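This is query_11.cif (mmCIF, N, CA and C atoms).
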data_entry
#
loop_
_atom_site.label_atom_id
_atom_site.label_comp_id
_atom_site.auth_asym_id
_atom_site.auth_seq_id
_atom_site.Cartn_x
_atom_site.Cartn_y
_atom_site.Cartn_z
N MET Q 1 -72.12 -48.99 -156.47
CA MET Q 1 -70.70 -48.75 -156.45
C MET Q 1 -70.34 -47.94 -157.69
N ASN Q 2 -69.62 -46.88 -157.51
CA ASN Q 2 -69.10 -46.07 -158.61
C ASN Q 2 -67.61 -46.35 -158.73
N VAL Q 3 -67.11 -46.36 -159.95
CA VAL Q 3 -65.68 -46.56 -160.17
C VAL Q 3 -65.11 -45.36 -160.88
N ARG Q 4 -63.88 -45.03 -160.52
CA ARG Q 4 -63.17 -43.92 -161.17
C ARG Q 4 -61.70 -44.29 -161.25
N PRO Q 5 -60.99 -43.77 -162.25
CA PRO Q 5 -59.56 -44.08 -162.36
C PRO Q 5 -58.78 -43.49 -161.20
N LEU Q 6 -57.78 -44.20 -160.75
CA LEU Q 6 -56.92 -43.73 -159.68
C LEU Q 6 -55.86 -42.82 -160.28
N LYS Q 7 -55.65 -41.67 -159.69
CA LYS Q 7 -54.69 -40.70 -160.21
C LYS Q 7 -53.54 -40.53 -159.22
N GLY Q 8 -52.36 -40.27 -159.74
CA GLY Q 8 -51.20 -40.00 -158.91
C GLY Q 8 -50.27 -41.19 -158.80
N VAL Q 9 -48.98 -40.93 -158.91
CA VAL Q 9 -47.98 -41.99 -158.88
C VAL Q 9 -47.94 -42.66 -157.51
N ARG Q 10 -47.97 -41.89 -156.45
CA ARG Q 10 -47.91 -42.45 -155.10
C ARG Q 10 -49.15 -43.31 -154.81
N ALA Q 11 -50.31 -42.83 -155.22
CA ALA Q 11 -51.55 -43.57 -154.98
C ALA Q 11 -51.54 -44.90 -155.73
N VAL Q 12 -51.04 -44.90 -156.95
CA VAL Q 12 -50.97 -46.14 -157.74
C VAL Q 12 -49.97 -47.11 -157.11
N ARG Q 13 -48.83 -46.60 -156.68
CA ARG Q 13 -47.83 -47.45 -156.03
C ARG Q 13 -48.39 -48.08 -154.75
N ASP Q 14 -49.11 -47.28 -153.97
CA ASP Q 14 -49.72 -47.80 -152.74
C ASP Q 14 -50.81 -48.83 -153.05
N ALA Q 15 -51.52 -48.65 -154.16
CA ALA Q 15 -52.59 -49.59 -154.53
C ALA Q 15 -52.02 -50.97 -154.85
N PHE Q 16 -50.83 -51.02 -155.44
CA PHE Q 16 -50.21 -52.30 -155.76
C PHE Q 16 -49.78 -53.06 -154.51
N ALA Q 17 -49.64 -52.37 -153.41
CA ALA Q 17 -49.22 -53.01 -152.16
C ALA Q 17 -50.41 -53.49 -151.35
N GLY Q 18 -51.59 -53.49 -151.92
CA GLY Q 18 -52.80 -53.91 -151.21
C GLY Q 18 -52.71 -55.35 -150.73
N PRO Q 19 -53.33 -55.65 -149.60
CA PRO Q 19 -53.21 -56.99 -149.02
C PRO Q 19 -54.14 -58.04 -149.62
N LEU Q 20 -55.15 -57.63 -150.37
CA LEU Q 20 -56.14 -58.58 -150.90
C LEU Q 20 -55.79 -58.94 -152.33
N ARG Q 21 -55.57 -60.23 -152.59
CA ARG Q 21 -55.20 -60.67 -153.93
C ARG Q 21 -56.11 -61.82 -154.35
N VAL Q 22 -56.69 -61.67 -155.54
CA VAL Q 22 -57.56 -62.71 -156.09
C VAL Q 22 -57.26 -62.87 -157.57
N ARG Q 23 -57.68 -64.02 -158.10
CA ARG Q 23 -57.45 -64.29 -159.52
C ARG Q 23 -58.59 -65.12 -160.06
N SER Q 24 -58.95 -64.83 -161.31
CA SER Q 24 -59.94 -65.61 -162.03
C SER Q 24 -59.54 -65.66 -163.49
N GLY Q 25 -59.11 -66.81 -163.94
CA GLY Q 25 -58.68 -66.95 -165.33
C GLY Q 25 -57.52 -66.03 -165.64
N PRO Q 26 -57.63 -65.22 -166.69
CA PRO Q 26 -56.54 -64.34 -167.07
C PRO Q 26 -56.51 -63.02 -166.31
N VAL Q 27 -57.42 -62.83 -165.36
CA VAL Q 27 -57.53 -61.56 -164.63
C VAL Q 27 -57.08 -61.77 -163.19
N ALA Q 28 -56.11 -60.96 -162.77
CA ALA Q 28 -55.68 -60.94 -161.38
C ALA Q 28 -56.00 -59.57 -160.83
N ALA Q 29 -56.30 -59.51 -159.53
CA ALA Q 29 -56.65 -58.22 -158.93
C ALA Q 29 -56.03 -58.10 -157.55
N VAL Q 30 -55.70 -56.86 -157.21
CA VAL Q 30 -55.21 -56.51 -155.89
C VAL Q 30 -56.18 -55.48 -155.34
N GLY Q 31 -56.67 -55.72 -154.13
CA GLY Q 31 -57.60 -54.79 -153.50
C GLY Q 31 -56.99 -54.18 -152.26
N SER Q 32 -57.34 -52.93 -152.02
CA SER Q 32 -56.89 -52.24 -150.82
C SER Q 32 -58.11 -51.77 -150.04
N PRO Q 33 -58.22 -52.16 -148.77
CA PRO Q 33 -59.34 -51.67 -147.97
C PRO Q 33 -59.13 -50.21 -147.58
N GLY Q 34 -60.22 -49.56 -147.28
CA GLY Q 34 -60.18 -48.16 -146.87
C GLY Q 34 -61.50 -47.80 -146.23
N PRO Q 35 -61.72 -46.53 -146.00
CA PRO Q 35 -63.00 -46.13 -145.40
C PRO Q 35 -64.16 -46.40 -146.34
N ALA Q 36 -65.34 -46.67 -145.77
CA ALA Q 36 -66.53 -46.93 -146.57
C ALA Q 36 -66.84 -45.70 -147.42
N SER Q 37 -67.00 -45.93 -148.70
CA SER Q 37 -67.24 -44.84 -149.64
C SER Q 37 -68.03 -45.39 -150.82
N PRO Q 38 -68.86 -44.56 -151.46
CA PRO Q 38 -69.60 -45.04 -152.62
C PRO Q 38 -68.73 -45.14 -153.88
N THR Q 39 -67.48 -44.70 -153.82
CA THR Q 39 -66.60 -44.71 -154.99
C THR Q 39 -65.39 -45.58 -154.74
N VAL Q 40 -65.08 -46.43 -155.73
CA VAL Q 40 -63.89 -47.26 -155.69
C VAL Q 40 -62.97 -46.82 -156.83
N SER Q 41 -61.71 -46.59 -156.51
CA SER Q 41 -60.73 -46.21 -157.53
C SER Q 41 -60.13 -47.47 -158.14
N TYR Q 42 -59.77 -47.37 -159.42
CA TYR Q 42 -59.22 -48.54 -160.09
C TYR Q 42 -58.01 -48.19 -160.93
N VAL Q 43 -57.17 -49.21 -161.18
CA VAL Q 43 -56.03 -49.12 -162.08
C VAL Q 43 -56.11 -50.37 -162.95
N VAL Q 44 -55.91 -50.20 -164.24
CA VAL Q 44 -55.92 -51.32 -165.18
C VAL Q 44 -54.51 -51.47 -165.73
N VAL Q 45 -53.96 -52.69 -165.66
CA VAL Q 45 -52.58 -52.93 -166.08
C VAL Q 45 -52.56 -54.08 -167.08
N VAL Q 46 -51.90 -53.84 -168.21
CA VAL Q 46 -51.63 -54.89 -169.20
C VAL Q 46 -50.14 -54.80 -169.49
N PRO Q 47 -49.34 -55.74 -168.96
CA PRO Q 47 -47.88 -55.66 -169.11
C PRO Q 47 -47.43 -55.79 -170.56
N LYS Q 48 -46.41 -55.04 -170.89
CA LYS Q 48 -45.88 -55.03 -172.25
C LYS Q 48 -45.23 -56.38 -172.60
N HIS Q 49 -44.66 -57.07 -171.63
CA HIS Q 49 -44.04 -58.36 -171.93
C HIS Q 49 -45.10 -59.43 -172.22
N ARG Q 50 -46.33 -59.21 -171.78
CA ARG Q 50 -47.42 -60.14 -172.10
C ARG Q 50 -47.99 -59.84 -173.49
N MET Q 51 -48.12 -58.55 -173.81
CA MET Q 51 -48.67 -58.13 -175.10
C MET Q 51 -47.78 -57.05 -175.69
N PRO Q 52 -46.89 -57.42 -176.58
CA PRO Q 52 -45.96 -56.44 -177.14
C PRO Q 52 -46.63 -55.39 -178.04
N ARG Q 53 -47.74 -55.73 -178.67
CA ARG Q 53 -48.39 -54.79 -179.58
C ARG Q 53 -49.30 -53.84 -178.82
N ALA Q 54 -49.13 -52.56 -179.04
CA ALA Q 54 -49.92 -51.54 -178.35
C ALA Q 54 -51.41 -51.67 -178.67
N VAL Q 55 -51.72 -52.08 -179.89
CA VAL Q 55 -53.12 -52.24 -180.28
C VAL Q 55 -53.81 -53.27 -179.39
N ASP Q 56 -53.13 -54.38 -179.14
CA ASP Q 56 -53.70 -55.42 -178.28
C ASP Q 56 -53.80 -54.97 -176.83
N ARG Q 57 -52.76 -54.28 -176.34
CA ARG Q 57 -52.80 -53.78 -174.95
C ARG Q 57 -53.95 -52.81 -174.76
N ASN Q 58 -54.13 -51.90 -175.69
CA ASN Q 58 -55.21 -50.92 -175.56
C ASN Q 58 -56.58 -51.58 -175.64
N ARG Q 59 -56.71 -52.58 -176.47
CA ARG Q 59 -58.00 -53.28 -176.58
C ARG Q 59 -58.34 -53.97 -175.26
N VAL Q 60 -57.37 -54.66 -174.68
CA VAL Q 60 -57.62 -55.34 -173.41
C VAL Q 60 -57.92 -54.33 -172.31
N LYS Q 61 -57.22 -53.21 -172.30
CA LYS Q 61 -57.51 -52.17 -171.30
C LYS Q 61 -58.94 -51.65 -171.43
N ARG Q 62 -59.38 -51.43 -172.65
CA ARG Q 62 -60.77 -50.98 -172.86
C ARG Q 62 -61.76 -52.02 -172.35
N LEU Q 63 -61.50 -53.29 -172.66
CA LEU Q 63 -62.39 -54.35 -172.21
C LEU Q 63 -62.40 -54.46 -170.68
N LEU Q 64 -61.25 -54.32 -170.05
CA LEU Q 64 -61.19 -54.39 -168.59
C LEU Q 64 -61.91 -53.21 -167.95
N ARG Q 65 -61.74 -52.02 -168.50
CA ARG Q 65 -62.44 -50.84 -167.94
C ARG Q 65 -63.95 -50.99 -168.08
N GLU Q 66 -64.41 -51.43 -169.22
CA GLU Q 66 -65.84 -51.62 -169.41
C GLU Q 66 -66.38 -52.73 -168.51
N SER Q 67 -65.60 -53.78 -168.32
CA SER Q 67 -66.01 -54.86 -167.43
C SER Q 67 -66.12 -54.37 -165.98
N LEU Q 68 -65.21 -53.52 -165.56
CA LEU Q 68 -65.29 -52.93 -164.22
C LEU Q 68 -66.54 -52.08 -164.08
N ARG Q 69 -66.86 -51.32 -165.12
CA ARG Q 69 -68.07 -50.50 -165.08
C ARG Q 69 -69.32 -51.37 -164.95
N ILE Q 70 -69.36 -52.48 -165.69
CA ILE Q 70 -70.49 -53.40 -165.62
C ILE Q 70 -70.58 -54.04 -164.24
N ALA Q 71 -69.43 -54.45 -163.69
CA ALA Q 71 -69.42 -55.04 -162.35
C ALA Q 71 -69.86 -54.02 -161.30
N ALA Q 72 -69.50 -52.77 -161.49
CA ALA Q 72 -69.91 -51.73 -160.54
C ALA Q 72 -71.42 -51.52 -160.60
N LEU Q 73 -72.00 -51.59 -161.78
CA LEU Q 73 -73.45 -51.45 -161.88
C LEU Q 73 -74.17 -52.60 -161.19
N ALA Q 74 -73.57 -53.77 -161.20
CA ALA Q 74 -74.18 -54.92 -160.53
C ALA Q 74 -74.16 -54.77 -159.01
N HIS Q 75 -73.24 -53.95 -158.49
CA HIS Q 75 -73.09 -53.76 -157.05
C HIS Q 75 -73.38 -52.33 -156.63
N HIS Q 76 -74.26 -51.65 -157.32
CA HIS Q 76 -74.48 -50.23 -157.04
C HIS Q 76 -75.08 -49.98 -155.66
N ASP Q 77 -75.77 -50.94 -155.07
CA ASP Q 77 -76.38 -50.74 -153.76
C ASP Q 77 -75.52 -51.25 -152.61
N LEU Q 78 -74.44 -51.99 -152.88
CA LEU Q 78 -73.64 -52.61 -151.83
C LEU Q 78 -72.50 -51.73 -151.35
N GLN Q 79 -71.94 -50.91 -152.21
CA GLN Q 79 -70.70 -50.23 -151.91
C GLN Q 79 -70.69 -49.35 -150.66
N PRO Q 80 -71.73 -48.62 -150.28
CA PRO Q 80 -71.59 -47.79 -149.08
C PRO Q 80 -71.24 -48.57 -147.82
N THR Q 81 -71.47 -49.87 -147.78
CA THR Q 81 -71.13 -50.67 -146.61
C THR Q 81 -69.84 -51.45 -146.81
N SER Q 82 -69.23 -51.36 -147.97
CA SER Q 82 -67.98 -52.07 -148.23
C SER Q 82 -66.80 -51.17 -147.90
N ASN Q 83 -65.70 -51.79 -147.50
CA ASN Q 83 -64.49 -51.04 -147.18
C ASN Q 83 -63.45 -51.14 -148.28
N LEU Q 84 -63.86 -51.43 -149.49
CA LEU Q 84 -62.94 -51.55 -150.62
C LEU Q 84 -62.67 -50.15 -151.17
N ALA Q 85 -61.39 -49.74 -151.17
CA ALA Q 85 -61.03 -48.40 -151.63
C ALA Q 85 -60.45 -48.41 -153.04
N THR Q 86 -59.56 -49.37 -153.34
CA THR Q 86 -58.94 -49.41 -154.66
C THR Q 86 -58.88 -50.84 -155.19
N ILE Q 87 -58.92 -50.94 -156.51
CA ILE Q 87 -58.78 -52.22 -157.20
C ILE Q 87 -57.73 -52.04 -158.29
N VAL Q 88 -56.76 -52.93 -158.32
CA VAL Q 88 -55.79 -52.98 -159.41
C VAL Q 88 -56.11 -54.24 -160.19
N VAL Q 89 -56.49 -54.09 -161.46
CA VAL Q 89 -56.83 -55.23 -162.31
C VAL Q 89 -55.70 -55.43 -163.30
N ARG Q 90 -55.17 -56.66 -163.34
CA ARG Q 90 -54.03 -56.96 -164.20
C ARG Q 90 -54.37 -58.13 -165.12
N TRP Q 91 -54.02 -57.98 -166.38
CA TRP Q 91 -54.22 -59.02 -167.38
C TRP Q 91 -53.02 -59.95 -167.36
N GLN Q 92 -53.24 -61.28 -167.35
CA GLN Q 92 -52.16 -62.25 -167.20
C GLN Q 92 -51.89 -63.09 -168.45
N ARG Q 93 -52.72 -63.00 -169.46
CA ARG Q 93 -52.58 -63.86 -170.62
C ARG Q 93 -51.80 -63.17 -171.73
N GLU Q 94 -51.16 -63.97 -172.60
CA GLU Q 94 -50.32 -63.40 -173.64
C GLU Q 94 -51.05 -62.97 -174.90
N HIS Q 95 -52.17 -63.55 -175.20
CA HIS Q 95 -52.81 -63.20 -176.46
C HIS Q 95 -54.18 -62.59 -176.21
N ALA Q 96 -54.63 -61.82 -177.20
CA ALA Q 96 -55.94 -61.17 -177.09
C ALA Q 96 -56.82 -61.50 -178.29
N ARG Q 97 -56.43 -62.51 -179.05
CA ARG Q 97 -57.24 -62.88 -180.20
C ARG Q 97 -58.57 -63.45 -179.76
N ASP Q 98 -59.58 -63.15 -180.51
CA ASP Q 98 -60.94 -63.65 -180.25
C ASP Q 98 -61.43 -63.30 -178.84
N LEU Q 99 -61.01 -62.18 -178.33
CA LEU Q 99 -61.41 -61.76 -177.00
C LEU Q 99 -62.65 -60.89 -177.12
N ARG Q 100 -63.67 -61.21 -176.34
CA ARG Q 100 -64.93 -60.48 -176.36
C ARG Q 100 -65.25 -59.98 -174.96
N LEU Q 101 -66.12 -58.99 -174.90
CA LEU Q 101 -66.46 -58.37 -173.62
C LEU Q 101 -67.06 -59.36 -172.64
N HIS Q 102 -67.95 -60.23 -173.09
CA HIS Q 102 -68.61 -61.15 -172.16
C HIS Q 102 -67.63 -62.09 -171.49
N SER Q 103 -66.57 -62.51 -172.20
CA SER Q 103 -65.60 -63.41 -171.58
C SER Q 103 -64.74 -62.68 -170.55
N VAL Q 104 -64.37 -61.45 -170.83
CA VAL Q 104 -63.58 -60.66 -169.88
C VAL Q 104 -64.45 -60.24 -168.70
N ALA Q 105 -65.68 -59.83 -168.98
CA ALA Q 105 -66.58 -59.33 -167.93
C ALA Q 105 -66.89 -60.42 -166.91
N SER Q 106 -66.99 -61.66 -167.33
CA SER Q 106 -67.28 -62.73 -166.36
C SER Q 106 -66.14 -62.90 -165.37
N HIS Q 107 -64.90 -62.82 -165.83
CA HIS Q 107 -63.74 -62.94 -164.94
C HIS Q 107 -63.63 -61.73 -164.01
N VAL Q 108 -63.86 -60.54 -164.54
CA VAL Q 108 -63.79 -59.34 -163.72
C VAL Q 108 -64.90 -59.36 -162.67
N GLN Q 109 -66.07 -59.84 -163.04
CA GLN Q 109 -67.18 -59.93 -162.08
C GLN Q 109 -66.82 -60.85 -160.92
N VAL Q 110 -66.20 -61.99 -161.21
CA VAL Q 110 -65.78 -62.92 -160.17
C VAL Q 110 -64.76 -62.27 -159.24
N VAL Q 111 -63.80 -61.57 -159.82
CA VAL Q 111 -62.76 -60.91 -159.02
C VAL Q 111 -63.37 -59.84 -158.11
N VAL Q 112 -64.26 -59.02 -158.65
CA VAL Q 112 -64.90 -57.98 -157.85
C VAL Q 112 -65.77 -58.59 -156.76
N ASP Q 113 -66.50 -59.64 -157.08
CA ASP Q 113 -67.32 -60.33 -156.07
C ASP Q 113 -66.46 -60.85 -154.91
N ARG Q 114 -65.33 -61.44 -155.24
CA ARG Q 114 -64.44 -61.98 -154.19
C ARG Q 114 -63.87 -60.86 -153.33
N LEU Q 115 -63.46 -59.76 -153.96
CA LEU Q 115 -62.91 -58.64 -153.18
C LEU Q 115 -63.98 -58.02 -152.28
N LEU Q 116 -65.18 -57.87 -152.80
CA LEU Q 116 -66.26 -57.30 -151.99
C LEU Q 116 -66.68 -58.24 -150.87
N ALA Q 117 -66.61 -59.55 -151.10
CA ALA Q 117 -66.97 -60.50 -150.05
C ALA Q 117 -66.01 -60.41 -148.87
N VAL Q 118 -64.76 -60.11 -149.16
CA VAL Q 118 -63.76 -60.01 -148.10
C VAL Q 118 -63.88 -58.68 -147.35
N THR Q 119 -64.21 -57.60 -148.06
CA THR Q 119 -64.20 -56.27 -147.44
C THR Q 119 -65.54 -55.81 -146.93
N THR Q 120 -66.61 -56.56 -147.19
CA THR Q 120 -67.94 -56.15 -146.75
C THR Q 120 -68.28 -56.85 -145.43
N PRO Q 121 -68.70 -56.10 -144.41
CA PRO Q 121 -69.10 -56.74 -143.16
C PRO Q 121 -70.28 -57.70 -143.41
N SER Q 122 -70.31 -58.79 -142.63
CA SER Q 122 -71.34 -59.81 -142.85
C SER Q 122 -72.74 -59.28 -142.58
N ASP Q 123 -72.91 -58.33 -141.67
CA ASP Q 123 -74.24 -57.80 -141.40
C ASP Q 123 -74.78 -56.98 -142.57
N ALA Q 124 -73.89 -56.44 -143.42
CA ALA Q 124 -74.34 -55.69 -144.58
C ALA Q 124 -74.86 -56.61 -145.67
N LEU Q 125 -74.48 -57.88 -145.63
CA LEU Q 125 -74.94 -58.83 -146.62
C LEU Q 125 -76.24 -59.52 -146.21
N GLY Q 126 -76.78 -59.14 -145.07
CA GLY Q 126 -78.03 -59.74 -144.62
C GLY Q 126 -77.83 -60.94 -143.74
N ASN Q 127 -76.63 -61.15 -143.23
CA ASN Q 127 -76.35 -62.30 -142.39
C ASN Q 127 -76.35 -61.93 -140.91
N VAL Q 128 -77.28 -61.13 -140.51
CA VAL Q 128 -77.34 -60.70 -139.11
C VAL Q 128 -77.91 -61.82 -138.26
N GLU Q 129 -77.25 -62.12 -137.16
CA GLU Q 129 -77.72 -63.19 -136.27
C GLU Q 129 -78.40 -62.64 -135.06
#

Kindly transcribe the structure held in the file into structure tokens.
Amino acid sequence: MNVRPLKGVRAVRDAFAGPLRVRSGPVAAVGSPGPASPTVSYVVVVPKHRMPRAVDRNRVKRLLRESLRIAALAHHDLQPTSNLATIVVRWQREHARDLRLHSVASHVQVVVDRLLAVTTPSDALGNVE
């Protein structure tokens, strides 16, 4: 699975209206199904009312983007059979103190796994009867 940033105001607005919603710890995600493709577009959101300081917001955004990249590497062979087109990742916690990549990456991995489980046909996972 390859990930790339989603561009365009209309595309981002449509991504937020996705029907698939999952949450793991401080990370919430919205997924939108689409045609099978090796590339998934993403949007990373850290609300200003959760983190008023720009330094903290930017740090969390960097951690979320890197976590998505790591999760994509873990699923590099699965994506052509998945119908996941876009992922919106949103940070839900107010503080970013003592935040490390491994703690964020574990939550993002769970969210991506759940979204892929919903959008991937069961025969692609090896469950052919």

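Comparing the minimum interatomic distances between Ile87 of chain Q and each of Q:Thr120, Q:Ser24, Q:Ser41, Q:Asn2, counting only N, CA and C atoms, we find that Q:Ser41 sits nearest.
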
Kindly indicate which residue among Q:Asn83, Q:Gln92, Q:His49, Q:Tyr42 lies nearest to Thr119 of chain Q, using only N, CA and C atoms for the distances.
Q:Asn83

Name the residues of chain Q that come out as alpha helix (DSSP H) in a backbone DSSP run; write them as a compact mmCIF listing (two decimals) with N, CA and C atoms, in the frame of the given file.
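File written: out-v2.txt
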# COMPACT_ATOMS: atom_id res chain seq x y z
N VAL Q 9 -48.98 -40.93 -158.91
CA VAL Q 9 -47.98 -41.99 -158.88
C VAL Q 9 -47.94 -42.66 -157.51
N ARG Q 10 -47.97 -41.89 -156.45
CA ARG Q 10 -47.91 -42.45 -155.10
C ARG Q 10 -49.15 -43.31 -154.81
N ALA Q 11 -50.31 -42.83 -155.22
CA ALA Q 11 -51.55 -43.57 -154.98
C ALA Q 11 -51.54 -44.90 -155.73
N VAL Q 12 -51.04 -44.90 -156.95
CA VAL Q 12 -50.97 -46.14 -157.74
C VAL Q 12 -49.97 -47.11 -157.11
N ARG Q 13 -48.83 -46.60 -156.68
CA ARG Q 13 -47.83 -47.45 -156.03
C ARG Q 13 -48.39 -48.08 -154.75
N ASP Q 14 -49.11 -47.28 -153.97
CA ASP Q 14 -49.72 -47.80 -152.74
C ASP Q 14 -50.81 -48.83 -153.05
N ALA Q 15 -51.52 -48.65 -154.16
CA ALA Q 15 -52.59 -49.59 -154.53
C ALA Q 15 -52.02 -50.97 -154.85
N PHE Q 16 -50.83 -51.02 -155.44
CA PHE Q 16 -50.21 -52.30 -155.76
C PHE Q 16 -49.78 -53.06 -154.51
N ALA Q 54 -49.13 -52.56 -179.04
CA ALA Q 54 -49.92 -51.54 -178.35
C ALA Q 54 -51.41 -51.67 -178.67
N VAL Q 55 -51.72 -52.08 -179.89
CA VAL Q 55 -53.12 -52.24 -180.28
C VAL Q 55 -53.81 -53.27 -179.39
N ASP Q 56 -53.13 -54.38 -179.14
CA ASP Q 56 -53.70 -55.42 -178.28
C ASP Q 56 -53.80 -54.97 -176.83
N ARG Q 57 -52.76 -54.28 -176.34
CA ARG Q 57 -52.80 -53.78 -174.95
C ARG Q 57 -53.95 -52.81 -174.76
N ASN Q 58 -54.13 -51.90 -175.69
CA ASN Q 58 -55.21 -50.92 -175.56
C ASN Q 58 -56.58 -51.58 -175.64
N ARG Q 59 -56.71 -52.58 -176.47
CA ARG Q 59 -58.00 -53.28 -176.58
C ARG Q 59 -58.34 -53.97 -175.26
N VAL Q 60 -57.37 -54.66 -174.68
CA VAL Q 60 -57.62 -55.34 -173.41
C VAL Q 60 -57.92 -54.33 -172.31
N LYS Q 61 -57.22 -53.21 -172.30
CA LYS Q 61 -57.51 -52.17 -171.30
C LYS Q 61 -58.94 -51.65 -171.43
N ARG Q 62 -59.38 -51.43 -172.65
CA ARG Q 62 -60.77 -50.98 -172.86
C ARG Q 62 -61.76 -52.02 -172.35
N LEU Q 63 -61.50 -53.29 -172.66
CA LEU Q 63 -62.39 -54.35 -172.21
C LEU Q 63 -62.40 -54.46 -170.68
N LEU Q 64 -61.25 -54.32 -170.05
CA LEU Q 64 -61.19 -54.39 -168.59
C LEU Q 64 -61.91 -53.21 -167.95
N ARG Q 65 -61.74 -52.02 -168.50
CA ARG Q 65 -62.44 -50.84 -167.94
C ARG Q 65 -63.95 -50.99 -168.08
N GLU Q 66 -64.41 -51.43 -169.22
CA GLU Q 66 -65.84 -51.62 -169.41
C GLU Q 66 -66.38 -52.73 -168.51
N SER Q 67 -65.60 -53.78 -168.32
CA SER Q 67 -66.01 -54.86 -167.43
C SER Q 67 -66.12 -54.37 -165.98
N LEU Q 68 -65.21 -53.52 -165.56
CA LEU Q 68 -65.29 -52.93 -164.22
C LEU Q 68 -66.54 -52.08 -164.08
N ARG Q 69 -66.86 -51.32 -165.12
CA ARG Q 69 -68.07 -50.50 -165.08
C ARG Q 69 -69.32 -51.37 -164.95
N ILE Q 70 -69.36 -52.48 -165.69
CA ILE Q 70 -70.49 -53.40 -165.62
C ILE Q 70 -70.58 -54.04 -164.24
N ALA Q 71 -69.43 -54.45 -163.69
CA ALA Q 71 -69.42 -55.04 -162.35
C ALA Q 71 -69.86 -54.02 -161.30
N ALA Q 72 -69.50 -52.77 -161.49
CA ALA Q 72 -69.91 -51.73 -160.54
C ALA Q 72 -71.42 -51.52 -160.60
N LEU Q 73 -72.00 -51.59 -161.78
CA LEU Q 73 -73.45 -51.45 -161.88
C LEU Q 73 -74.17 -52.60 -161.19
N ALA Q 74 -73.57 -53.77 -161.20
CA ALA Q 74 -74.18 -54.92 -160.53
C ALA Q 74 -74.16 -54.77 -159.01
N LEU Q 101 -66.12 -58.99 -174.90
CA LEU Q 101 -66.46 -58.37 -173.62
C LEU Q 101 -67.06 -59.36 -172.64
N HIS Q 102 -67.95 -60.23 -173.09
CA HIS Q 102 -68.61 -61.15 -172.16
C HIS Q 102 -67.63 -62.09 -171.49
N SER Q 103 -66.57 -62.51 -172.20
CA SER Q 103 -65.60 -63.41 -171.58
C SER Q 103 -64.74 -62.68 -170.55
N VAL Q 104 -64.37 -61.45 -170.83
CA VAL Q 104 -63.58 -60.66 -169.88
C VAL Q 104 -64.45 -60.24 -168.70
N ALA Q 105 -65.68 -59.83 -168.98
CA ALA Q 105 -66.58 -59.33 -167.93
C ALA Q 105 -66.89 -60.42 -166.91
N SER Q 106 -66.99 -61.66 -167.33
CA SER Q 106 -67.28 -62.73 -166.36
C SER Q 106 -66.14 -62.90 -165.37
N HIS Q 107 -64.90 -62.82 -165.83
CA HIS Q 107 -63.74 -62.94 -164.94
C HIS Q 107 -63.63 -61.73 -164.01
N VAL Q 108 -63.86 -60.54 -164.54
CA VAL Q 108 -63.79 -59.34 -163.72
C VAL Q 108 -64.90 -59.36 -162.67
N GLN Q 109 -66.07 -59.84 -163.04
CA GLN Q 109 -67.18 -59.93 -162.08
C GLN Q 109 -66.82 -60.85 -160.92
N VAL Q 110 -66.20 -61.99 -161.21
CA VAL Q 110 -65.78 -62.92 -160.17
C VAL Q 110 -64.76 -62.27 -159.24
N VAL Q 111 -63.80 -61.57 -159.82
CA VAL Q 111 -62.76 -60.91 -159.02
C VAL Q 111 -63.37 -59.84 -158.11
N VAL Q 112 -64.26 -59.02 -158.65
CA VAL Q 112 -64.90 -57.98 -157.85
C VAL Q 112 -65.77 -58.59 -156.76
N ASP Q 113 -66.50 -59.64 -157.08
CA ASP Q 113 -67.32 -60.33 -156.07
C ASP Q 113 -66.46 -60.85 -154.91
N ARG Q 114 -65.33 -61.44 -155.24
CA ARG Q 114 -64.44 -61.98 -154.19
C ARG Q 114 -63.87 -60.86 -153.33
N LEU Q 115 -63.46 -59.76 -153.96
CA LEU Q 115 -62.91 -58.64 -153.18
C LEU Q 115 -63.98 -58.02 -152.28
N LEU Q 116 -65.18 -57.87 -152.80
CA LEU Q 116 -66.26 -57.30 -151.99
C LEU Q 116 -66.68 -58.24 -150.87
N ALA Q 117 -66.61 -59.55 -151.10
CA ALA Q 117 -66.97 -60.50 -150.05
C ALA Q 117 -66.01 -60.41 -148.87
N VAL Q 118 -64.76 -60.11 -149.16
CA VAL Q 118 -63.76 -60.01 -148.10
C VAL Q 118 -63.88 -58.68 -147.35
N THR Q 119 -64.21 -57.60 -148.06
CA THR Q 119 -64.20 -56.27 -147.44
C THR Q 119 -65.54 -55.81 -146.93

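One distance worth recording is that between atom CA of Ala71 of chain Q and atom CA of Arg10 of chain Q, which is 26.0 Å.
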
One decimal, Å: what's the distance from atom N of Gly18 of chain Q over to atom N of Val60 of chain Q, could you say?
23.5 Å

The residues within 6.5 Å of (-69.8, -47.1, -159.7), using only N, CA and C atoms and the coordinates of the file, should be reported as a short mmCIF file (atom, residue, chain, number, x, y, z; two decimals) with N, CA and C atoms, keeping the file's coordinate frame; which are they?
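Contents of the output file out37.cif:
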data_model
loop_
_atom_site.label_atom_id
_atom_site.label_comp_id
_atom_site.auth_asym_id
_atom_site.auth_seq_id
_atom_site.Cartn_x
_atom_site.Cartn_y
_atom_site.Cartn_z
N MET Q 1 -72.12 -48.99 -156.47
CA MET Q 1 -70.70 -48.75 -156.45
C MET Q 1 -70.34 -47.94 -157.69
N ASN Q 2 -69.62 -46.88 -157.51
CA ASN Q 2 -69.10 -46.07 -158.61
C ASN Q 2 -67.61 -46.35 -158.73
N VAL Q 3 -67.11 -46.36 -159.95
CA VAL Q 3 -65.68 -46.56 -160.17
C VAL Q 3 -65.11 -45.36 -160.88
N ARG Q 4 -63.88 -45.03 -160.52
CA ARG Q 4 -63.17 -43.92 -161.17
C ARG Q 4 -61.70 -44.29 -161.25
N PRO Q 38 -68.86 -44.56 -151.46
CA PRO Q 38 -69.60 -45.04 -152.62
C PRO Q 38 -68.73 -45.14 -153.88
N THR Q 39 -67.48 -44.70 -153.82
CA THR Q 39 -66.60 -44.71 -154.99
C THR Q 39 -65.39 -45.58 -154.74
N VAL Q 40 -65.08 -46.43 -155.73
CA VAL Q 40 -63.89 -47.26 -155.69
C VAL Q 40 -62.97 -46.82 -156.83
N ALA Q 72 -69.50 -52.77 -161.49
CA ALA Q 72 -69.91 -51.73 -160.54
C ALA Q 72 -71.42 -51.52 -160.60
N LEU Q 73 -72.00 -51.59 -161.78
CA LEU Q 73 -73.45 -51.45 -161.88
C LEU Q 73 -74.17 -52.60 -161.19
N HIS Q 76 -74.26 -51.65 -157.32
CA HIS Q 76 -74.48 -50.23 -157.04
C HIS Q 76 -75.08 -49.98 -155.66
#
